[in-house]
Amino acid sequence: MSDLAVPHTLTTWGPRRLPVPYAAHWSGEGRYGQRVSMRPDLAGIWYLDETPADRDAFGVLWARIQNTPGQGRPDFPSMHPGRQRRAQAERLCQVCGERASHNRDGWLFLMNDDGSDRYEGTKVTKPPVCLRCAALAVEYCPHLTHPVGVRSRRPKVWGVFGTLFTPGPNARLNAHVDEYLPYGHRATEWFLASQLVVELKRCTAVDLDAEFEALTP
């Protein structure tokens, strides 16, 4: 797919004009507002200046990151919490931000082949992709070393990925290594989410080369 043109609607970076995904985080997008602290009732975490928009429908607190794509340098391995969450929830392509590819086999997700051929129930933080952006990702993304396309007829919102906090002495918080947390978990009140997690159901591994044949340069 080396002759596939990068659409002019995509943001690019550097002399090679590398496509910058819609969901990617930029170095100039910093934190804003108050930091996470322990609630006065000692029953979880909150922002002192918290608003209803800081939590999702399941009551999970989300990381606050400015939404200013294009500011600074793209951090390709990292995703912006807000844009990642929107792309996952609305089935948008993580690269261009438009509707992801969908056919009778389901929504298209890209991942690295681990040799197991077992994709049913896989939990993913990477949102789906449209077909053209899937081809671009296979060509340009250095993290897709063994790309495989998986279509899911029923991608299900499963939970979140982020940081679990636990209370320490003098009302201080201890941050733990980032991890996955299913919605409804008892630790919800102590969790700061940064990515929405989807579980892939009714999966089919697809022949990407065959699907790419439908694309025009």
# chains A, B, ... in the order shown; residues from 1 in each chain; ligands from 1
call {"tool": "closest_atom_pairs", "arguments": {"of": "range 28-121 of chain A", "to": "range 196-217 of chain A", "cutoff": "6 Å", "atoms": "only C-alpha atoms", "output": "JSON lines"}}
result
{"residue": "A:Arg85", "atom": "CA", "partner": "A:Leu196", "partner_atom": "CA", "distance": 5.3}
{"residue": "A:Glu120", "atom": "CA", "partner": "A:Cys203", "partner_atom": "CA", "distance": 5.5}
{"residue": "A:Gly121", "atom": "CA", "partner": "A:Leu200", "partner_atom": "CA", "distance": 5.1}
call {"tool": "write_last_selection", "arguments": {"atoms": "N, CA and C atoms", "output": "short mmCIF file (atom, residue, chain, number, x, y, z; two decimals), in the first residue's frame"}}
result
data_model
loop_
_atom_site.label_atom_id
_atom_site.label_comp_id
_atom_site.auth_asym_id
_atom_site.auth_seq_id
_atom_site.Cartn_x
_atom_site.Cartn_y
_atom_site.Cartn_z
N ARG A 85 -11.77 8.34 24.31
CA ARG A 85 -13.07 7.94 24.87
C ARG A 85 -14.19 8.16 23.86
N GLU A 120 -11.70 -13.46 20.46
CA GLU A 120 -12.98 -13.34 21.15
C GLU A 120 -12.74 -12.96 22.62
N GLY A 121 -13.38 -11.86 23.04
CA GLY A 121 -13.23 -11.40 24.41
C GLY A 121 -12.02 -10.53 24.65
#
call {"tool": "closest_atom_pairs", "arguments": {"of": "range 11-96 of chain A", "to": "range 139-148 of chain A", "cutoff": "9 Å", "atoms": "only C-alpha atoms", "output": "JSON lines"}}
result
{"residue": "A:Leu18", "atom": "CA", "partner": "A:Tyr140", "partner_atom": "CA", "distance": 7.0}
{"residue": "A:Pro19", "atom": "CA", "partner": "A:Tyr140", "partner_atom": "CA", "distance": 7.8}
{"residue": "A:Phe76", "atom": "CA", "partner": "A:Cys141", "partner_atom": "CA", "distance": 8.8}
{"residue": "A:Pro77", "atom": "CA", "partner": "A:His143", "partner_atom": "CA", "distance": 8.1}
call {"tool": "write_last_selection", "arguments": {"atoms": "C-alpha atoms", "output": "compact mmCIF listing (two decimals), in the first residue's frame"}}
result
# COMPACT_ATOMS: atom_id res chain seq x y z
CA LEU A 18 3.59 11.02 9.14
CA PRO A 19 -0.18 10.88 9.75
CA PHE A 76 2.23 8.78 18.95
CA PRO A 77 2.16 5.96 21.55
call {"tool": "select_by_dssp", "arguments": {"residues": "range 20-211 of chain A", "states": "strand (DSSP E)", "output": "compact mmCIF listing (two decimals) with N, CA and C atoms, in the first residue's frame"}}
result
# COMPACT_ATOMS: atom_id res chain seq x y z
N ALA A 24 -4.46 10.72 19.11
CA ALA A 24 -3.12 10.87 19.70
C ALA A 24 -3.05 12.08 20.63
N HIS A 25 -2.19 11.97 21.62
CA HIS A 25 -1.94 13.07 22.55
C HIS A 25 -0.79 13.93 22.02
N TRP A 26 -0.90 15.23 22.22
CA TRP A 26 0.15 16.17 21.84
C TRP A 26 0.84 16.71 23.09
N VAL A 36 -6.14 15.77 41.58
CA VAL A 36 -6.95 14.78 42.29
C VAL A 36 -6.59 14.80 43.77
N SER A 37 -7.61 14.74 44.61
CA SER A 37 -7.38 14.69 46.06
C SER A 37 -8.43 13.78 46.69
N MET A 38 -8.25 13.51 47.98
CA MET A 38 -9.19 12.64 48.68
C MET A 38 -10.45 13.42 49.04
N ILE A 45 -11.85 9.57 45.52
CA ILE A 45 -11.11 10.73 45.02
C ILE A 45 -12.06 11.67 44.29
N TRP A 46 -11.60 12.93 44.15
CA TRP A 46 -12.37 13.93 43.44
C TRP A 46 -11.47 15.08 43.06
N TYR A 47 -12.03 16.04 42.31
CA TYR A 47 -11.39 17.33 42.07
C TYR A 47 -12.10 18.35 42.95
N LEU A 61 -14.27 8.87 37.62
CA LEU A 61 -13.59 10.14 37.43
C LEU A 61 -12.57 10.01 36.30
N TRP A 62 -12.52 11.03 35.42
CA TRP A 62 -11.61 10.99 34.27
C TRP A 62 -10.50 12.03 34.39
N PRO A 74 3.43 15.57 18.46
CA PRO A 74 2.56 14.41 18.69
C PRO A 74 3.28 13.33 19.47
N ASP A 75 2.60 12.79 20.46
CA ASP A 75 3.13 11.67 21.25
C ASP A 75 2.40 10.42 20.73
N PHE A 76 2.94 9.84 19.67
CA PHE A 76 2.23 8.78 18.95
C PHE A 76 1.79 7.60 19.81
N PRO A 77 2.60 7.13 20.77
CA PRO A 77 2.16 5.96 21.55
C PRO A 77 1.03 6.27 22.53
N SER A 78 0.85 7.56 22.88
CA SER A 78 -0.14 7.93 23.89
C SER A 78 -1.42 8.44 23.24
N MET A 79 -2.52 8.28 23.95
CA MET A 79 -3.80 8.75 23.46
C MET A 79 -4.38 9.80 24.40
N HIS A 102 -17.35 -0.56 8.93
CA HIS A 102 -18.32 -1.53 9.44
C HIS A 102 -18.97 -2.26 8.26
N ASN A 103 -19.01 -3.58 8.36
CA ASN A 103 -19.71 -4.39 7.36
C ASN A 103 -20.42 -5.54 8.07
N GLY A 106 -18.77 -6.84 11.12
CA GLY A 106 -18.63 -5.96 12.27
C GLY A 106 -17.68 -4.80 12.06
N TRP A 107 -17.29 -4.21 13.18
CA TRP A 107 -16.40 -3.04 13.19
C TRP A 107 -14.95 -3.51 13.10
N LEU A 108 -14.12 -2.71 12.41
CA LEU A 108 -12.73 -3.09 12.18
C LEU A 108 -11.80 -2.53 13.25
N PHE A 109 -11.05 -3.45 13.87
CA PHE A 109 -10.03 -3.08 14.85
C PHE A 109 -8.68 -3.62 14.38
N LEU A 110 -7.62 -2.86 14.64
CA LEU A 110 -6.26 -3.29 14.31
C LEU A 110 -5.52 -3.65 15.58
N MET A 111 -4.74 -4.71 15.52
CA MET A 111 -3.90 -5.09 16.65
C MET A 111 -2.74 -5.92 16.14
N ASN A 112 -1.80 -6.21 17.01
CA ASN A 112 -0.67 -7.06 16.65
C ASN A 112 -1.04 -8.52 16.84
N LYS A 123 -9.82 -7.41 25.19
CA LYS A 123 -10.13 -6.08 25.70
C LYS A 123 -9.14 -5.09 25.09
N VAL A 124 -9.66 -4.06 24.45
CA VAL A 124 -8.83 -3.12 23.70
C VAL A 124 -9.05 -1.68 24.16
N PRO A 147 0.64 -6.71 12.08
CA PRO A 147 -0.75 -6.26 12.11
C PRO A 147 -1.76 -7.33 11.71
N VAL A 148 -2.86 -7.34 12.40
CA VAL A 148 -3.97 -8.21 12.07
C VAL A 148 -5.25 -7.41 12.21
N GLY A 149 -6.18 -7.65 11.29
CA GLY A 149 -7.47 -6.99 11.34
C GLY A 149 -8.51 -7.91 11.97
N VAL A 150 -9.23 -7.39 12.93
CA VAL A 150 -10.28 -8.16 13.59
C VAL A 150 -11.57 -7.35 13.52
N ARG A 151 -12.61 -7.98 13.03
CA ARG A 151 -13.92 -7.32 13.02
C ARG A 151 -14.77 -7.89 14.14
N SER A 152 -15.44 -7.00 14.83
CA SER A 152 -16.29 -7.39 15.96
C SER A 152 -17.72 -6.95 15.68
N LYS A 156 -18.30 -4.31 23.03
CA LYS A 156 -19.04 -3.94 24.24
C LYS A 156 -18.17 -3.10 25.17
N VAL A 157 -18.71 -1.97 25.60
CA VAL A 157 -18.00 -1.16 26.59
C VAL A 157 -17.84 -1.99 27.87
N TRP A 158 -16.59 -2.17 28.28
CA TRP A 158 -16.27 -3.08 29.39
C TRP A 158 -15.88 -2.34 30.66
N GLY A 159 -15.08 -1.29 30.52
CA GLY A 159 -14.60 -0.58 31.70
C GLY A 159 -13.60 0.48 31.29
N VAL A 160 -12.61 0.69 32.13
CA VAL A 160 -11.65 1.77 31.91
C VAL A 160 -10.23 1.30 32.21
N PHE A 161 -9.29 2.09 31.72
CA PHE A 161 -7.87 1.89 32.01
C PHE A 161 -7.37 3.18 32.64
N GLY A 162 -6.58 3.05 33.70
CA GLY A 162 -6.08 4.24 34.36
C GLY A 162 -5.37 3.92 35.66
N THR A 163 -5.48 4.84 36.61
CA THR A 163 -4.71 4.76 37.84
C THR A 163 -5.60 4.54 39.05
N LEU A 164 -5.27 3.53 39.82
CA LEU A 164 -5.95 3.28 41.08
C LEU A 164 -5.21 4.00 42.21
N PHE A 165 -5.96 4.73 43.04
CA PHE A 165 -5.39 5.41 44.21
C PHE A 165 -5.88 4.70 45.47
N THR A 166 -5.04 4.70 46.47
CA THR A 166 -5.44 4.21 47.79
C THR A 166 -5.06 5.25 48.83
N PRO A 167 -5.82 5.32 49.93
CA PRO A 167 -5.54 6.33 50.95
C PRO A 167 -4.28 6.01 51.74
N LEU A 173 -2.58 10.50 49.04
CA LEU A 173 -3.00 9.43 48.13
C LEU A 173 -1.78 8.69 47.58
N ASN A 174 -1.91 7.38 47.50
CA ASN A 174 -0.88 6.56 46.88
C ASN A 174 -1.37 6.13 45.50
N ALA A 175 -0.59 6.46 44.46
CA ALA A 175 -0.94 6.08 43.09
C ALA A 175 -0.27 4.75 42.75
N GLU A 179 -3.78 0.23 35.40
CA GLU A 179 -4.39 -1.07 35.21
C GLU A 179 -5.80 -0.93 34.65
N TYR A 180 -6.40 -2.09 34.32
CA TYR A 180 -7.77 -2.14 33.84
C TYR A 180 -8.73 -2.27 35.01
N LEU A 181 -9.92 -1.67 34.86
CA LEU A 181 -10.94 -1.78 35.88
C LEU A 181 -12.30 -1.93 35.21
N PRO A 182 -13.02 -3.02 35.48
CA PRO A 182 -14.35 -3.18 34.88
C PRO A 182 -15.35 -2.23 35.53
N PHE A 191 -10.63 5.39 41.45
CA PHE A 191 -9.98 5.18 40.15
C PHE A 191 -10.05 6.43 39.29
N LEU A 192 -8.92 6.75 38.64
CA LEU A 192 -8.85 7.87 37.70
C LEU A 192 -8.65 7.30 36.31
N ALA A 193 -9.66 7.41 35.47
CA ALA A 193 -9.61 6.80 34.14
C ALA A 193 -8.89 7.69 33.14
N SER A 194 -8.21 7.03 32.20
CA SER A 194 -7.56 7.75 31.10
C SER A 194 -7.94 7.19 29.74
N GLN A 195 -8.49 5.95 29.72
CA GLN A 195 -8.89 5.34 28.46
C GLN A 195 -10.13 4.46 28.67
N LEU A 196 -11.00 4.45 27.68
CA LEU A 196 -12.18 3.60 27.70
C LEU A 196 -11.82 2.24 27.11
N VAL A 197 -12.24 1.17 27.77
CA VAL A 197 -11.90 -0.19 27.35
C VAL A 197 -13.13 -0.86 26.74
N VAL A 198 -12.93 -1.47 25.58
CA VAL A 198 -13.99 -2.18 24.88
C VAL A 198 -13.63 -3.66 24.78
N GLU A 199 -14.59 -4.52 25.00
CA GLU A 199 -14.40 -5.96 24.86
C GLU A 199 -14.98 -6.40 23.51
N CYS A 203 -16.19 -12.11 17.10
CA CYS A 203 -15.05 -11.65 16.31
C CYS A 203 -14.76 -12.51 15.08
N THR A 204 -14.21 -11.87 14.07
CA THR A 204 -13.73 -12.53 12.87
C THR A 204 -12.42 -11.91 12.45
N ALA A 205 -11.36 -12.72 12.33
CA ALA A 205 -10.10 -12.23 11.80
C ALA A 205 -10.25 -12.09 10.29
N VAL A 206 -9.81 -10.98 9.73
CA VAL A 206 -10.03 -10.71 8.31
C VAL A 206 -8.71 -10.60 7.56
call {"tool": "atom_distance", "arguments": {"atom1": "CA of Ala63 in chain A", "atom2": "CA of Gly184 in chain A"}}
result
18.6 Å
call {"tool": "residues_around", "arguments": {"residues": "Pro69 in chain A", "least_positions_apart": "2", "cutoff": "12 Å", "atoms": "only C-alpha atoms", "output": "number ranges by chain"}}
result
A: 11-12, 20-30, 65-67, 71-75, 79-80, 82-83
call {"tool": "select_by_dssp", "arguments": {"residues": "range 20-188 of chain A", "states": "helix (DSSP H, G or I)", "output": "ChimeraX atom specification"}}
result
/A:52-54,81-90,131-140,169-171,188
call {"tool": "write_last_selection", "arguments": {"atoms": "C-alpha atoms", "output": "short mmCIF file (atom, residue, chain, number, x, y, z; two decimals), in the first residue's frame"}}
result
data_model
loop_
_atom_site.label_atom_id
_atom_site.label_comp_id
_atom_site.auth_asym_id
_atom_site.auth_seq_id
_atom_site.Cartn_x
_atom_site.Cartn_y
_atom_site.Cartn_z
CA PRO A 52 -20.53 16.69 36.35
CA ALA A 53 -18.52 16.52 33.10
CA ASP A 54 -15.54 15.09 35.01
CA PRO A 81 -8.34 10.71 27.20
CA GLY A 82 -11.22 12.70 25.77
CA ARG A 83 -10.67 11.91 22.10
CA GLN A 84 -9.92 8.24 22.80
CA ARG A 85 -13.07 7.94 24.87
CA ARG A 86 -15.21 9.58 22.18
CA ALA A 87 -13.77 7.41 19.41
CA GLN A 88 -14.40 4.22 21.40
CA ALA A 89 -17.91 5.16 22.48
CA GLU A 90 -19.06 6.48 19.09
CA LEU A 131 -10.39 1.00 5.98
CA ARG A 132 -8.21 3.71 4.45
CA CYS A 133 -6.68 4.64 7.80
CA ALA A 134 -6.10 0.96 8.55
CA ALA A 135 -3.95 0.80 5.41
CA LEU A 136 -2.09 3.95 6.45
CA ALA A 137 -1.51 2.54 9.94
CA VAL A 138 -0.10 -0.71 8.55
CA GLU A 139 2.32 1.32 6.42
CA TYR A 140 3.36 4.02 8.89
CA PRO A 169 -1.33 8.71 56.05
CA ASN A 170 -2.39 12.32 56.57
CA ALA A 171 -5.00 12.17 53.80
CA THR A 188 -14.55 2.72 41.19
#
call {"tool": "atom_distance", "arguments": {"atom1": "CA of Cys93 in chain A", "atom2": "CA of Tyr32 in chain A"}}
result
26.6 Å
call {"tool": "closest_residue", "arguments": {"among": "A:Arg35, A:Gly168, A:Asp178, A:Thr125", "to": "Pro155 in chain A", "atoms": "only C-alpha atoms"}}
result
A:Thr125
call {"tool": "closest_residue", "arguments": {"among": "A:Arg118, A:Arg153, A:His8, A:Arg91", "to": "Asp105 in chain A", "atoms": "only C-alpha atoms"}}
result
A:Arg153
call {"tool": "decode", "arguments": {"residues": "range 99-146 of chain A", "atoms": "N, CA and C atoms", "output": "short mmCIF file (atom, residue, chain, number, x, y, z; two decimals), in the first residue's frame"}}
result
data_model
loop_
_atom_site.label_atom_id
_atom_site.label_comp_id
_atom_site.auth_asym_id
_atom_site.auth_seq_id
_atom_site.Cartn_x
_atom_site.Cartn_y
_atom_site.Cartn_z
N ARG A 99 -16.36 8.04 10.81
CA ARG A 99 -16.97 6.76 11.14
C ARG A 99 -16.03 5.60 10.79
N ALA A 100 -15.87 4.67 11.71
CA ALA A 100 -15.00 3.52 11.48
C ALA A 100 -15.64 2.56 10.48
N SER A 101 -14.81 1.67 9.92
CA SER A 101 -15.29 0.70 8.94
C SER A 101 -16.22 -0.32 9.59
N HIS A 102 -17.35 -0.56 8.93
CA HIS A 102 -18.32 -1.53 9.44
C HIS A 102 -18.97 -2.26 8.26
N ASN A 103 -19.01 -3.58 8.36
CA ASN A 103 -19.71 -4.39 7.36
C ASN A 103 -20.42 -5.54 8.07
N ARG A 104 -20.82 -6.56 7.34
CA ARG A 104 -21.59 -7.64 7.96
C ARG A 104 -20.79 -8.41 9.01
N ASP A 105 -19.46 -8.31 8.95
CA ASP A 105 -18.61 -8.97 9.95
C ASP A 105 -18.35 -8.09 11.17
N GLY A 106 -18.77 -6.84 11.12
CA GLY A 106 -18.63 -5.96 12.27
C GLY A 106 -17.68 -4.80 12.06
N TRP A 107 -17.29 -4.21 13.18
CA TRP A 107 -16.40 -3.04 13.19
C TRP A 107 -14.95 -3.51 13.10
N LEU A 108 -14.12 -2.71 12.41
CA LEU A 108 -12.73 -3.09 12.18
C LEU A 108 -11.80 -2.53 13.25
N PHE A 109 -11.05 -3.45 13.87
CA PHE A 109 -10.03 -3.08 14.85
C PHE A 109 -8.68 -3.62 14.38
N LEU A 110 -7.62 -2.86 14.64
CA LEU A 110 -6.26 -3.29 14.31
C LEU A 110 -5.52 -3.65 15.58
N MET A 111 -4.74 -4.71 15.52
CA MET A 111 -3.90 -5.09 16.65
C MET A 111 -2.74 -5.92 16.14
N ASN A 112 -1.80 -6.21 17.01
CA ASN A 112 -0.67 -7.06 16.65
C ASN A 112 -1.04 -8.52 16.84
N ASP A 113 -0.67 -9.33 15.87
CA ASP A 113 -0.93 -10.77 15.94
C ASP A 113 0.01 -11.40 16.95
N ASP A 114 -0.56 -12.02 17.97
CA ASP A 114 0.27 -12.67 18.99
C ASP A 114 0.43 -14.16 18.73
N GLY A 115 -0.09 -14.60 17.60
CA GLY A 115 0.04 -16.01 17.24
C GLY A 115 -1.01 -16.92 17.81
N SER A 116 -1.91 -16.39 18.62
CA SER A 116 -2.89 -17.25 19.29
C SER A 116 -4.15 -17.47 18.45
N ASP A 117 -4.46 -16.51 17.57
CA ASP A 117 -5.69 -16.55 16.76
C ASP A 117 -6.94 -16.56 17.64
N ARG A 118 -6.80 -16.08 18.87
CA ARG A 118 -7.94 -16.03 19.77
C ARG A 118 -8.25 -14.57 20.10
N TYR A 119 -9.26 -14.06 19.46
CA TYR A 119 -9.58 -12.65 19.62
C TYR A 119 -10.90 -12.42 20.35
N GLU A 120 -11.70 -13.46 20.46
CA GLU A 120 -12.98 -13.34 21.15
C GLU A 120 -12.74 -12.96 22.62
N GLY A 121 -13.38 -11.86 23.04
CA GLY A 121 -13.23 -11.40 24.41
C GLY A 121 -12.02 -10.53 24.65
N THR A 122 -11.26 -10.21 23.60
CA THR A 122 -10.10 -9.33 23.76
C THR A 122 -10.54 -7.96 24.23
N LYS A 123 -9.82 -7.41 25.19
CA LYS A 123 -10.13 -6.08 25.70
C LYS A 123 -9.14 -5.09 25.09
N VAL A 124 -9.66 -4.06 24.45
CA VAL A 124 -8.83 -3.12 23.70
C VAL A 124 -9.05 -1.68 24.16
N THR A 125 -7.97 -0.91 24.12
CA THR A 125 -8.06 0.53 24.36
C THR A 125 -7.92 1.31 23.06
N LYS A 126 -7.44 0.66 22.02
CA LYS A 126 -7.32 1.32 20.72
C LYS A 126 -8.67 1.31 20.02
N PRO A 127 -9.22 2.47 19.67
CA PRO A 127 -10.51 2.53 18.99
C PRO A 127 -10.44 1.89 17.61
N PRO A 128 -11.60 1.67 16.98
CA PRO A 128 -11.61 1.07 15.64
C PRO A 128 -11.02 2.02 14.60
N VAL A 129 -10.98 1.54 13.36
CA VAL A 129 -10.40 2.33 12.27
C VAL A 129 -11.28 2.22 11.04
N CYS A 130 -11.17 3.19 10.15
CA CYS A 130 -11.78 3.07 8.84
C CYS A 130 -10.78 2.32 7.95
N LEU A 131 -11.23 1.86 6.81
CA LEU A 131 -10.39 1.00 5.98
C LEU A 131 -9.16 1.74 5.44
N ARG A 132 -9.35 2.95 4.99
CA ARG A 132 -8.21 3.71 4.45
C ARG A 132 -7.17 3.99 5.53
N CYS A 133 -7.63 4.35 6.72
CA CYS A 133 -6.68 4.64 7.80
C CYS A 133 -6.03 3.36 8.32
N ALA A 134 -6.72 2.23 8.19
CA ALA A 134 -6.10 0.96 8.55
C ALA A 134 -4.90 0.70 7.65
N ALA A 135 -5.06 0.98 6.36
CA ALA A 135 -3.95 0.80 5.41
C ALA A 135 -2.80 1.75 5.72
N LEU A 136 -3.13 2.99 6.08
CA LEU A 136 -2.09 3.95 6.45
C LEU A 136 -1.36 3.50 7.71
N ALA A 137 -2.12 2.99 8.69
CA ALA A 137 -1.51 2.54 9.94
C ALA A 137 -0.55 1.38 9.70
N VAL A 138 -0.96 0.43 8.86
CA VAL A 138 -0.10 -0.71 8.55
C VAL A 138 1.21 -0.24 7.92
N GLU A 139 1.12 0.81 7.11
CA GLU A 139 2.32 1.32 6.42
C GLU A 139 3.20 2.17 7.32
N TYR A 140 2.59 3.02 8.17
CA TYR A 140 3.36 4.02 8.89
C TYR A 140 3.61 3.72 10.37
N CYS A 141 2.72 2.97 11.02
CA CYS A 141 2.83 2.81 12.47
C CYS A 141 3.92 1.79 12.84
N PRO A 142 4.98 2.23 13.55
CA PRO A 142 6.06 1.31 13.91
C PRO A 142 5.66 0.31 14.99
N HIS A 143 4.56 0.58 15.68
CA HIS A 143 4.12 -0.31 16.75
C HIS A 143 3.30 -1.49 16.22
N LEU A 144 2.85 -1.39 14.98
CA LEU A 144 2.13 -2.51 14.36
C LEU A 144 3.15 -3.39 13.64
N THR A 145 3.84 -4.19 14.40
CA THR A 145 4.90 -5.03 13.83
C THR A 145 4.34 -6.26 13.11
N HIS A 146 3.21 -6.78 13.61
CA HIS A 146 2.55 -7.93 12.98
C HIS A 146 1.05 -7.64 12.95
#
